[in-house]
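Pasting start_1.pdb here (PDB, C-alpha atoms and all ligand atoms):
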ATOM      1  CA  MET N 271       2.028  26.102  15.335
ATOM      2  CA  ASP N 272      -1.314  24.727  14.194
ATOM      3  CA  LEU N 273      -0.714  21.049  14.887
ATOM      4  CA  ALA N 274      -3.875  19.756  13.192
ATOM      5  CA  ASN N 275      -2.934  21.720  10.083
ATOM      6  CA  MET N 276       0.325  19.777   9.802
ATOM      7  CA  PHE N 277      -1.760  16.657   9.160
ATOM      8  CA  ARG N 278      -4.435  18.360   6.997
ATOM      9  CA  LEU N 279      -4.641  17.506   3.298
ATOM     10  CA  THR N 280      -7.251  20.072   2.300
ATOM     11  CA  GLY N 281      -6.836  20.970  -1.380
ATOM     12  CA  LYS N 282      -4.611  17.935  -2.032
ATOM     13  CA  VAL N 283      -5.265  15.136  -4.492
ATOM     14  CA  ALA N 284      -4.253  11.563  -3.660
ATOM     15  CA  VAL N 285      -4.215   8.329  -5.649
ATOM     16  CA  VAL N 286      -4.350   5.082  -3.665
ATOM     17  CA  THR N 287      -3.735   1.876  -5.617
ATOM     18  CA  GLY N 288      -5.248  -1.295  -4.233
ATOM     19  CA  GLY N 289      -7.780   1.056  -2.644
ATOM     20  CA  GLY N 290     -10.597  -1.426  -3.115
ATOM     21  CA  SER N 291      -9.794  -3.483  -0.023
ATOM     22  CA  GLY N 292      -7.839  -3.770   3.219
ATOM     23  CA  ILE N 293      -5.001  -1.324   3.877
ATOM     24  CA  GLY N 294      -5.678   0.671   0.694
ATOM     25  CA  ARG N 295      -9.331   1.137   1.624
ATOM     26  CA  ALA N 296      -8.339   2.318   5.103
ATOM     27  CA  ALA N 297      -5.706   4.666   3.627
ATOM     28  CA  ALA N 298      -8.247   6.155   1.201
ATOM     29  CA  GLY N 299     -10.622   6.729   4.133
ATOM     30  CA  VAL N 300      -8.014   8.391   6.333
ATOM     31  CA  LEU N 301      -6.609  10.603   3.540
ATOM     32  CA  ALA N 302     -10.143  11.699   2.617
ATOM     33  CA  ALA N 303     -10.953  12.354   6.276
ATOM     34  CA  ALA N 304      -7.881  14.623   6.322
ATOM     35  CA  GLY N 305      -9.392  16.594   3.443
ATOM     36  CA  ALA N 306      -7.824  15.083   0.308
ATOM     37  CA  ARG N 307      -9.783  14.240  -2.807
ATOM     38  CA  VAL N 308      -8.922  10.583  -3.352
ATOM     39  CA  VAL N 309      -8.730   8.526  -6.523
ATOM     40  CA  VAL N 310      -9.352   4.950  -5.412
ATOM     41  CA  ALA N 311      -7.647   2.777  -8.036
ATOM     42  CA  ASP N 312      -7.958  -0.983  -8.138
ATOM     43  CA  LEU N 313      -8.183  -3.924 -10.506
ATOM     44  CA  ASP N 314     -11.363  -4.751  -8.614
ATOM     45  CA  VAL N 315     -13.501  -1.764  -9.576
ATOM     46  CA  GLU N 316     -16.429  -2.948  -7.440
ATOM     47  CA  GLY N 317     -14.152  -2.936  -4.398
ATOM     48  CA  ALA N 318     -12.998   0.571  -5.331
ATOM     49  CA  GLU N 319     -16.606   1.739  -5.653
ATOM     50  CA  LYS N 320     -17.386   0.302  -2.222
ATOM     51  CA  THR N 321     -14.476   2.279  -0.786
ATOM     52  CA  VAL N 322     -15.771   5.442  -2.461
ATOM     53  CA  ALA N 323     -19.242   4.842  -1.020
ATOM     54  CA  GLY N 324     -17.693   4.559   2.460
ATOM     55  CA  VAL N 325     -15.658   7.761   1.993
ATOM     56  CA  GLU N 326     -18.718   9.665   0.757
ATOM     57  CA  ALA N 327     -20.848   8.357   3.632
ATOM     58  CA  ASP N 328     -18.256   9.914   5.955
ATOM     59  CA  GLY N 329     -18.478  13.244   4.111
ATOM     60  CA  GLY N 330     -15.273  12.836   2.061
ATOM     61  CA  LYS N 331     -14.569  13.091  -1.660
ATOM     62  CA  ALA N 332     -13.388  10.158  -3.765
ATOM     63  CA  VAL N 333     -13.749   8.560  -7.183
ATOM     64  CA  ALA N 334     -13.158   4.967  -8.261
ATOM     65  CA  ARG N 335     -10.931   4.018 -11.187
ATOM     66  CA  GLN N 336      -9.972   0.631 -12.570
ATOM     67  CA  VAL N 337      -6.257   0.022 -13.059
ATOM     68  CA  ASP N 338      -3.838  -2.857 -13.365
ATOM     69  CA  VAL N 339      -0.729  -1.551 -11.608
ATOM     70  CA  ALA N 340       1.384  -4.097 -13.501
ATOM     71  CA  ASP N 341       0.593  -2.279 -16.763
ATOM     72  CA  PRO N 342       2.716   0.878 -17.173
ATOM     73  CA  ASP N 343       0.401   2.359 -19.830
ATOM     74  CA  ALA N 344      -2.600   1.944 -17.538
ATOM     75  CA  VAL N 345      -0.698   3.557 -14.653
ATOM     76  CA  ASN N 346       0.364   6.506 -16.839
ATOM     77  CA  ALA N 347      -3.234   6.908 -17.991
ATOM     78  CA  LEU N 348      -4.444   6.881 -14.359
ATOM     79  CA  VAL N 349      -2.042   9.689 -13.453
ATOM     80  CA  ASP N 350      -2.887  11.719 -16.581
ATOM     81  CA  GLU N 351      -6.597  11.332 -15.943
ATOM     82  CA  THR N 352      -6.131  12.380 -12.310
ATOM     83  CA  VAL N 353      -4.318  15.545 -13.344
ATOM     84  CA  SER N 354      -6.804  16.412 -16.091
ATOM     85  CA  GLY N 355      -9.740  15.738 -13.748
ATOM     86  CA  PHE N 356      -8.443  17.284 -10.523
ATOM     87  CA  GLY N 357      -5.669  19.609 -11.726
ATOM     88  CA  GLN N 358      -2.824  18.035  -9.749
ATOM     89  CA  LEU N 359      -1.420  14.978  -7.971
ATOM     90  CA  ASP N 360       0.048  15.515  -4.504
ATOM     91  CA  VAL N 361       0.071  12.047  -2.946
ATOM     92  CA  LEU N 362       0.550   8.623  -4.508
ATOM     93  CA  VAL N 363       0.168   5.516  -2.373
ATOM     94  CA  ASN N 364       1.628   2.538  -4.254
ATOM     95  CA  ASN N 365      -0.256  -0.033  -2.232
ATOM     96  CA  ALA N 366      -1.733  -2.718  -4.520
ATOM     97  CA  GLY N 367      -0.224  -6.119  -3.861
ATOM     98  CA  ILE N 368      -0.664  -9.859  -4.122
ATOM     99  CA  MET N 369       0.922 -12.784  -2.341
ATOM    100  CA  VAL N 370       1.444 -16.260  -3.770
ATOM    101  CA  ARG N 371       2.834 -18.819  -1.321
ATOM    102  CA  ARG N 372       5.210 -21.438  -2.692
ATOM    103  CA  PRO N 373       8.689 -22.667  -1.781
ATOM    104  CA  LEU N 374      11.271 -20.868  -3.929
ATOM    105  CA  THR N 375      12.517 -24.208  -5.277
ATOM    106  CA  GLU N 376       9.092 -24.663  -6.918
ATOM    107  CA  VAL N 377       8.243 -21.158  -8.100
ATOM    108  CA  PRO N 378       7.598 -21.147 -11.875
ATOM    109  CA  PRO N 379       8.951 -18.203 -13.907
ATOM    110  CA  ASP N 380       5.536 -16.789 -14.848
ATOM    111  CA  GLU N 381       4.407 -16.740 -11.210
ATOM    112  CA  PHE N 382       7.629 -15.007 -10.124
ATOM    113  CA  ASP N 383       7.112 -12.438 -12.896
ATOM    114  CA  ARG N 384       3.522 -11.787 -11.823
ATOM    115  CA  VAL N 385       4.423 -11.314  -8.148
ATOM    116  CA  LEU N 386       7.237  -8.930  -9.110
ATOM    117  CA  SER N 387       5.057  -7.065 -11.592
ATOM    118  CA  VAL N 388       2.221  -6.375  -9.167
ATOM    119  CA  ASN N 389       4.297  -5.741  -6.032
ATOM    120  CA  LEU N 390       7.551  -4.249  -7.353
ATOM    121  CA  LYS N 391       7.360  -3.027 -10.955
ATOM    122  CA  SER N 392       4.143  -1.240  -9.978
ATOM    123  CA  VAL N 393       6.190   0.907  -7.578
ATOM    124  CA  LEU N 394       8.529   1.851 -10.434
ATOM    125  CA  TYR N 395       5.686   2.591 -12.886
ATOM    126  CA  GLY N 396       3.585   4.510 -10.356
ATOM    127  CA  SER N 397       6.483   6.592  -9.075
ATOM    128  CA  GLN N 398       7.748   7.385 -12.591
ATOM    129  CA  ALA N 399       4.288   8.495 -13.667
ATOM    130  CA  ALA N 400       3.801  10.575 -10.516
ATOM    131  CA  ALA N 401       7.252  12.157 -10.780
ATOM    132  CA  ARG N 402       6.308  13.548 -14.211
ATOM    133  CA  VAL N 403       3.515  15.662 -12.732
ATOM    134  CA  MET N 404       4.208  16.143  -9.022
ATOM    135  CA  ARG N 405       5.116  19.568  -7.642
ATOM    136  CA  PRO N 406       7.400  20.329  -4.678
ATOM    137  CA  GLY N 407       5.730  19.272  -1.433
ATOM    138  CA  SER N 408       4.319  16.082  -2.933
ATOM    139  CA  SER N 409       4.704  12.649  -1.369
ATOM    140  CA  ILE N 410       4.911   9.046  -2.548
ATOM    141  CA  VAL N 411       4.228   6.263  -0.040
ATOM    142  CA  ASN N 412       4.947   2.626  -0.875
ATOM    143  CA  THR N 413       3.317  -0.232   0.997
ATOM    144  CA  LEU N 414       6.108  -2.720   1.699
ATOM    145  CA  SER N 415       5.903  -5.432   4.387
ATOM    146  CA  THR N 416       7.484  -6.704   7.553
ATOM    147  CA  ILE N 417       8.857  -9.427   5.277
ATOM    148  CA  ILE N 418      11.681  -6.970   4.403
ATOM    149  CA  ASP N 419      13.157  -7.727   7.841
ATOM    150  CA  PHE N 420      13.006 -11.515   8.041
ATOM    151  CA  SER N 421      12.325 -14.612   5.965
ATOM    152  CA  THR N 422       9.612 -17.233   6.253
ATOM    153  CA  PRO N 423       9.190 -20.355   4.099
ATOM    154  CA  GLY N 424       6.988 -19.950   1.034
ATOM    155  CA  THR N 425       7.216 -16.173   0.796
ATOM    156  CA  GLY N 426      10.400 -15.754  -1.274
ATOM    157  CA  SER N 427       8.857 -14.142  -4.381
ATOM    158  CA  TYR N 428       6.863 -11.723  -2.280
ATOM    159  CA  ALA N 429       9.907 -10.910  -0.111
ATOM    160  CA  ALA N 430      12.050 -10.277  -3.195
ATOM    161  CA  ALA N 431       9.427  -7.862  -4.480
ATOM    162  CA  LYS N 432       9.005  -6.004  -1.175
ATOM    163  CA  LYS N 433      12.756  -5.805  -0.522
ATOM    164  CA  GLY N 434      13.115  -4.454  -4.067
ATOM    165  CA  GLY N 435      10.387  -1.961  -3.234
ATOM    166  CA  GLU N 436      12.448  -0.764  -0.283
ATOM    167  CA  ALA N 437      15.419  -0.203  -2.631
ATOM    168  CA  LEU N 438      13.218   1.744  -5.066
ATOM    169  CA  THR N 439      11.871   3.804  -2.152
ATOM    170  CA  ARG N 440      15.361   4.885  -1.123
ATOM    171  CA  THR N 441      16.654   5.548  -4.621
ATOM    172  CA  PHE N 442      13.561   7.522  -5.652
ATOM    173  CA  ALA N 443      13.960   9.449  -2.378
ATOM    174  CA  VAL N 444      17.478  10.592  -3.282
ATOM    175  CA  GLU N 445      16.583  11.261  -6.920
ATOM    176  CA  LEU N 446      13.364  13.195  -6.236
ATOM    177  CA  GLY N 447      14.411  14.896  -2.987
ATOM    178  CA  PRO N 448      16.026  17.853  -4.822
ATOM    179  CA  ARG N 449      12.640  18.460  -6.498
ATOM    180  CA  GLY N 450      10.911  18.566  -3.096
ATOM    181  CA  ILE N 451       9.165  15.228  -3.599
ATOM    182  CA  ARG N 452       9.424  12.835  -0.654
ATOM    183  CA  VAL N 453       9.351   9.042  -1.028
ATOM    184  CA  ASN N 454       8.781   6.748   1.956
ATOM    185  CA  GLY N 455       7.369   3.353   2.778
ATOM    186  CA  ILE N 456       5.282   1.609   5.367
ATOM    187  CA  ALA N 457       5.984  -1.986   6.360
ATOM    188  CA  PRO N 458       2.811  -3.438   7.860
ATOM    189  CA  GLY N 459       2.950  -6.524   9.998
ATOM    190  CA  TRP N 460       0.269  -9.206   9.801
ATOM    191  CA  THR N 461      -3.051  -7.441   9.246
ATOM    192  CA  ASP N 462      -6.594  -8.746   8.790
ATOM    193  CA  THR N 463      -7.206  -8.033   5.071
ATOM    194  CA  GLY N 464      -7.988  -9.852   1.838
ATOM    195  CA  ILE N 465      -4.413 -11.137   1.521
ATOM    196  CA  THR N 466      -4.352 -12.789   4.948
ATOM    197  CA  ARG N 467      -7.965 -14.059   4.723
ATOM    198  CA  GLU N 468      -7.326 -15.673   1.328
ATOM    199  CA  ARG N 469      -5.087 -18.233   3.011
ATOM    200  CA  HIS N 470      -7.934 -19.447   5.197
ATOM    201  CA  MET N 471     -10.445 -20.312   2.489
ATOM    202  CA  ASP N 472     -11.171 -24.032   2.240
ATOM    203  CA  GLU N 473     -11.647 -25.925  -1.065
ATOM    204  CA  THR N 474     -15.300 -24.849  -1.221
ATOM    205  CA  GLY N 475     -14.324 -21.185  -0.860
ATOM    206  CA  GLU N 476     -15.616 -20.996   2.710
ATOM    207  CA  PHE N 477     -13.677 -18.820   5.162
ATOM    208  CA  GLN N 478     -12.230 -20.757   8.109
ATOM    209  CA  GLN N 479     -12.667 -18.313  10.995
ATOM    210  CA  ASN N 480     -11.172 -20.569  13.686
ATOM    211  CA  GLY N 481      -7.884 -21.155  11.899
ATOM    212  CA  PHE N 482      -7.725 -17.453  11.059
ATOM    213  CA  ASP N 483      -8.285 -16.395  14.684
ATOM    214  CA  GLU N 484      -5.673 -18.876  15.901
ATOM    215  CA  LEU N 485      -3.089 -17.450  13.514
ATOM    216  CA  ALA N 486      -4.013 -13.879  14.495
ATOM    217  CA  ASP N 487      -3.445 -14.776  18.180
ATOM    218  CA  LYS N 488      -0.124 -16.406  17.348
ATOM    219  CA  MET N 489       1.021 -13.360  15.378
ATOM    220  CA  ALA N 490      -0.054 -11.026  18.194
ATOM    221  CA  THR N 491       1.783 -13.056  20.837
ATOM    222  CA  ALA N 492       4.972 -12.812  18.778
ATOM    223  CA  THR N 493       5.024  -8.995  19.003
ATOM    224  CA  PRO N 494       6.289  -6.877  21.926
ATOM    225  CA  LEU N 495       2.980  -4.981  21.984
ATOM    226  CA  GLY N 496       1.012  -8.238  21.968
ATOM    227  CA  ARG N 497      -1.191  -7.082  19.120
ATOM    228  CA  VAL N 498      -1.515  -7.358  15.369
ATOM    229  CA  ALA N 499      -1.948  -4.298  13.203
ATOM    230  CA  GLU N 500      -5.302  -3.142  11.915
ATOM    231  CA  ALA N 501      -5.538  -1.630   8.448
ATOM    232  CA  VAL N 502      -6.239   1.761   9.995
ATOM    233  CA  ASP N 503      -2.887   1.634  11.852
ATOM    234  CA  SER N 504      -1.096   1.508   8.500
ATOM    235  CA  ALA N 505      -3.434   4.171   7.148
ATOM    236  CA  CYS N 506      -2.396   6.548   9.943
ATOM    237  CA  ALA N 507       1.272   6.009   9.042
ATOM    238  CA  VAL N 508       0.363   6.795   5.417
ATOM    239  CA  LEU N 509      -1.327  10.013   6.562
ATOM    240  CA  TYR N 510       1.790  11.071   8.479
ATOM    241  CA  LEU N 511       4.030  10.378   5.467
ATOM    242  CA  ALA N 512       1.611  12.109   3.086
ATOM    243  CA  SER N 513       1.311  15.254   5.180
ATOM    244  CA  GLU N 514       3.440  18.265   6.114
ATOM    245  CA  ALA N 515       4.014  16.626   9.515
ATOM    246  CA  SER N 516       6.704  14.478   7.868
ATOM    247  CA  ARG N 517       8.164  17.238   5.667
ATOM    248  CA  CYS N 518      11.738  16.402   6.780
ATOM    249  CA  VAL N 519      11.351  12.612   6.354
ATOM    250  CA  THR N 520      12.296  10.815   3.147
ATOM    251  CA  GLY N 521      13.710   7.412   2.202
ATOM    252  CA  HIS N 522      12.295   6.003   5.426
ATOM    253  CA  VAL N 523      10.165   2.937   6.130
ATOM    254  CA  ILE N 524       7.764   2.990   9.082
ATOM    255  CA  ARG N 525       7.185  -0.453  10.610
ATOM    256  CA  VAL N 526       3.534  -0.834  11.609
ATOM    257  CA  ASN N 527       3.851  -4.228  13.228
ATOM    258  CA  GLY N 528       3.540  -4.050  17.021
ATOM    259  CA  GLY N 529       7.334  -4.161  17.235
ATOM    260  CA  ALA N 530       7.632  -7.566  15.494
ATOM    261  CA  SER N 531      10.719  -6.216  13.733
ATOM    262  CA  MET N 532      12.681  -3.035  14.321
ATOM    263  CA  ALA N 533      15.110  -1.325  11.979
TER
HETATM  264  N1  LIG M 601      -2.338  -7.816   5.159
HETATM  265  C1  LIG M 601      -1.107  -7.961   5.578
HETATM  266  O1  LIG M 601      -0.823  -8.692   6.539
HETATM  267  C2  LIG M 601       0.009  -7.190   4.889
HETATM  268  C3  LIG M 601       1.251  -7.155   5.527
HETATM  269  C4  LIG M 601       2.280  -6.469   4.907
HETATM  270  C5  LIG M 601       2.062  -5.821   3.711
HETATM  271  N2  LIG M 601       0.849  -5.884   3.114
HETATM  272  C6  LIG M 601       0.697  -5.170   1.845
HETATM  273  O2  LIG M 601      -0.399  -4.287   1.925
HETATM  274  C7  LIG M 601      -0.835  -3.979   0.609
HETATM  275  C8  LIG M 601      -2.348  -4.046   0.568
HETATM  276  O3  LIG M 601      -2.767  -5.396   0.748
HETATM  277  P1  LIG M 601      -3.921  -5.800   1.759
HETATM  278  O4  LIG M 601      -3.278  -6.518   2.870
HETATM  279  O5  LIG M 601      -4.769  -4.653   2.042
HETATM  280  O6  LIG M 601      -4.660  -6.925   0.887
HETATM  281  P2  LIG M 601      -6.028  -6.893   0.088
HETATM  282  O7  LIG M 601      -6.005  -8.123  -0.721
HETATM  283  O8  LIG M 601      -7.142  -6.672   1.032
HETATM  284  O9  LIG M 601      -5.897  -5.623  -0.862
HETATM  285  C9  LIG M 601      -5.082  -5.626  -2.015
HETATM  286  C10 LIG M 601      -5.798  -4.860  -3.114
HETATM  287  O10 LIG M 601      -4.919  -4.785  -4.248
HETATM  288  C11 LIG M 601      -5.709  -4.995  -5.402
HETATM  289  N3  LIG M 601      -4.873  -5.476  -6.505
HETATM  290  C12 LIG M 601      -4.288  -6.688  -6.636
HETATM  291  N4  LIG M 601      -3.635  -6.760  -7.812
HETATM  292  C13 LIG M 601      -3.811  -5.561  -8.425
HETATM  293  C14 LIG M 601      -3.382  -5.030  -9.656
HETATM  294  N5  LIG M 601      -2.629  -5.737 -10.527
HETATM  295  N6  LIG M 601      -3.729  -3.754  -9.972
HETATM  296  C15 LIG M 601      -4.497  -3.025  -9.129
HETATM  297  N7  LIG M 601      -4.937  -3.485  -7.953
HETATM  298  C16 LIG M 601      -4.607  -4.735  -7.612
HETATM  299  C17 LIG M 601      -6.742  -6.034  -4.983
HETATM  300  O11 LIG M 601      -7.844  -6.056  -5.882
HETATM  301  C18 LIG M 601      -7.076  -5.555  -3.581
HETATM  302  O12 LIG M 601      -8.159  -4.641  -3.601
HETATM  303  C19 LIG M 601      -0.142  -4.973  -0.322
HETATM  304  O13 LIG M 601       0.936  -4.325  -0.970
HETATM  305  C20 LIG M 601       0.382  -6.018   0.633
HETATM  306  O14 LIG M 601       1.507  -6.674   0.137
HETATM  307  C21 LIG M 601      -0.190  -6.540   3.684
END

Could you take the file, read its structure, and then write that structure out as structure tokens?
Amino acid sequence: MDLANMFRLTGKVAVVTGGGSGIGRAAAGVLAAAGARVVVADLDVEGAEKTVAGVEADGGKAVARQVDVADPDAVNALVDETVSGFGQLDVLVNNAGIMVRRPLTEVPPDEFDRVLSVNLKSVLYGSQAAARVMRPGSSIVNTLSTIIDFSTPGTGSYAAAKKGGEALTRTFAVELGPRGIRVNGIAPGWTDTGITRERHMDETGEFQQNGFDELADKMATATPLGRVAEAVDSACAVLYLASEASRCVTGHVIRVNGGASMA
């Protein structure tokens, strides 16, 4: 067996949403390094272009596209454009996400809708669009969160969305399995990205490094491995789930969290 070949994505085409930052940027880099042509899709097109520049500097192939994953028409157009431009779609990483912290007792309806639209409905829209065009051997990977395993105050909307994403992952897996399309998730633990940094901006927009480092240490101490995840750790799990190496795995969620939760 050619082990490296099991992880190779040469000739494959991947779309990574939320590819303009953090875990999505790392996933785009790793998938491109494995040989895929990557469509880096993000609301923040400048972020997506920065990701593409990084991929190209490393010798990979990628293009940037602007998309709002909460808009089903935009997501359908992204998939159609990918197929007309590259001939196929083999890997979709539904990764874009936002977090708004507020106790559930105070969450207004429009905020709840927005968090569900970006984190949950996007998984439905992306997977539906991909399922229209994907061939046997294709793979969908959804970025969920460690929040699916336990609750913390102020994260109820986000948790509802991610737990819903886990349900969509499993149901798409059973519905698309007979067509040879696999559907899995990753559940990252606390990771240094835009989402976690956002919380440590003061009123003037300045990043508070000390408070951030303290929280990172606290999160690391709470894990059996004594470490927090880096974006590339999640990206490597995405590569496994996107590649032939995981050809017998579907409906599964890989926890990339230093052992903070196990299921
Ligand atoms: N960082 C963590 O600790 C952590 C832990 C668990 C799960 N996650 C999940 O990882 C995923 C990636 O987040 P990240 O941590 O890399 O944060 P990030 O903020 O660095 O990246 C999120 C990206 O999503 C994009 N995005 C936001 N709304 C969008 C929309 N409507 N349409 C298209 N793109 C949009 C942003 O522009 C950004 O580039 C998210 O689904 C998040 O919930 C993160």

Show me the residues close to (14.8, 5.1, -6.8) - anything with an atom within 10 Å, counting only C-alpha atoms - and format the list as a PDB file with C-alpha atoms, in the frame of the given file.
ATOM      1  CA  VAL N 393       6.190   0.907  -7.578  1.00  0.00           C
ATOM      2  CA  LEU N 394       8.529   1.851 -10.434  1.00  0.00           C
ATOM      3  CA  SER N 397       6.483   6.592  -9.075  1.00  0.00           C
ATOM      4  CA  GLN N 398       7.748   7.385 -12.591  1.00  0.00           C
ATOM      5  CA  GLY N 435      10.387  -1.961  -3.234  1.00  0.00           C
ATOM      6  CA  GLU N 436      12.448  -0.764  -0.283  1.00  0.00           C
ATOM      7  CA  ALA N 437      15.419  -0.203  -2.631  1.00  0.00           C
ATOM      8  CA  LEU N 438      13.218   1.744  -5.066  1.00  0.00           C
ATOM      9  CA  THR N 439      11.871   3.804  -2.152  1.00  0.00           C
ATOM     10  CA  ARG N 440      15.361   4.885  -1.123  1.00  0.00           C
ATOM     11  CA  THR N 441      16.654   5.548  -4.621  1.00  0.00           C
ATOM     12  CA  PHE N 442      13.561   7.522  -5.652  1.00  0.00           C
ATOM     13  CA  ALA N 443      13.960   9.449  -2.378  1.00  0.00           C
ATOM     14  CA  VAL N 444      17.478  10.592  -3.282  1.00  0.00           C
ATOM     15  CA  GLU N 445      16.583  11.261  -6.920  1.00  0.00           C
ATOM     16  CA  LEU N 446      13.364  13.195  -6.236  1.00  0.00           C
ATOM     17  CA  VAL N 453       9.351   9.042  -1.028  1.00  0.00           C
ATOM     18  CA  GLY N 521      13.710   7.412   2.202  1.00  0.00           C
TER      19      GLY N 521
END

**OP:** Starting from the shown file, work through the PyMOL selection byres (((chain N and resi 278) around 12) and not hetatm) and note down what comes out as a count of residues only.
**Re:** 27

Subject >> Result set, the PyMOL selection byres (((not hetatm)) within 7 of (chain M and resi 601)) on current file, as a PyMOL selection string >> reply: chain N and resi 287-294+311-314+317+337-340+365-369+388-389+413-416+457-466

Subject >> One-decimal distance in Å that lies between atom CA of N:Lys331 and atom CA of N:Val349 >> reply: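 Between these atoms lies a distance of 17.5 Å.
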
**OP:** Please indicate the distance in Å from atom CA of N:Val385 to atom CA of N:Ser427, rounded to one decimal place.
**Re:**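 Going from atom CA of N:Val385 over to atom CA of N:Ser427 covers 6.5 Å.
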
Original post:
Quick one: distance from atom CA of N:Thr491 to atom CA of N:Val526 in Å, one decimal?
Top reply: 15.4 Å

**OP:** Show me as a PyMOL selection string the residues that reach within 12 Å of (14.3, 21.0, -3.7), counting all atoms listed in the file and using the file's own coordinates.
**Re:** chain N and resi 405-408+443-452+517-518

Original post:
Between N:Val310, N:Val498, N:Leu390, N:Met271, which is the closest to N:Arg335 once you count only C-alpha atoms?
Top reply: N:Val310

Original post:
For the file shown, what are the residues hit by the PyMOL selection byres (((chain N and resi 333) around 10) and not hetatm), laid out as number ranges by chain?
Top reply: N: 285, 307-311, 318-319, 321-323, 325-326, 331-332, 334-335, 352

Take the residues from that selection and write them out as an mmCIF file, in the frame of the given file, keeping C-alpha atoms.
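Dumped everything to part-v6.cif:
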data_model
loop_
_atom_site.group_PDB
_atom_site.id
_atom_site.type_symbol
_atom_site.label_atom_id
_atom_site.label_comp_id
_atom_site.auth_asym_id
_atom_site.auth_seq_id
_atom_site.Cartn_x
_atom_site.Cartn_y
_atom_site.Cartn_z
ATOM 1 C CA VAL N 285 -4.215 8.329 -5.649
ATOM 2 C CA ARG N 307 -9.783 14.240 -2.807
ATOM 3 C CA VAL N 308 -8.922 10.583 -3.352
ATOM 4 C CA VAL N 309 -8.730 8.526 -6.523
ATOM 5 C CA VAL N 310 -9.352 4.950 -5.412
ATOM 6 C CA ALA N 311 -7.647 2.777 -8.036
ATOM 7 C CA ALA N 318 -12.998 0.571 -5.331
ATOM 8 C CA GLU N 319 -16.606 1.739 -5.653
ATOM 9 C CA THR N 321 -14.476 2.279 -0.786
ATOM 10 C CA VAL N 322 -15.771 5.442 -2.461
ATOM 11 C CA ALA N 323 -19.242 4.842 -1.020
ATOM 12 C CA VAL N 325 -15.658 7.761 1.993
ATOM 13 C CA GLU N 326 -18.718 9.665 0.757
ATOM 14 C CA LYS N 331 -14.569 13.091 -1.660
ATOM 15 C CA ALA N 332 -13.388 10.158 -3.765
ATOM 16 C CA ALA N 334 -13.158 4.967 -8.261
ATOM 17 C CA ARG N 335 -10.931 4.018 -11.187
ATOM 18 C CA THR N 352 -6.131 12.380 -12.310
#

Subject >> Minimum-distance residue to N:Val403, chosen among N:Ile524, N:Val353, N:Val377, N:Val286 (using only C-alpha atoms) >> reply: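 Checking each candidate against N:Val403, we get N:Val353 as the closest.
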
**OP:** Select, from N:Ala501, N:Ala298, N:Ile410, N:Leu485, the residue with the minimum atom-to-atom distance to N:Val523, counting only C-alpha atoms.
**Re:**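 Comparing N:Ala501, N:Ala298, N:Ile410, N:Leu485 against N:Val523, the winner is N:Ile410.
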
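For the set N:Ala347, N:Ser531, N:Ile418, N:Asn454, the residue with the smallest atom-to-atom gap to N:Gly434 is N:Ile418, counting only C-alpha atoms.
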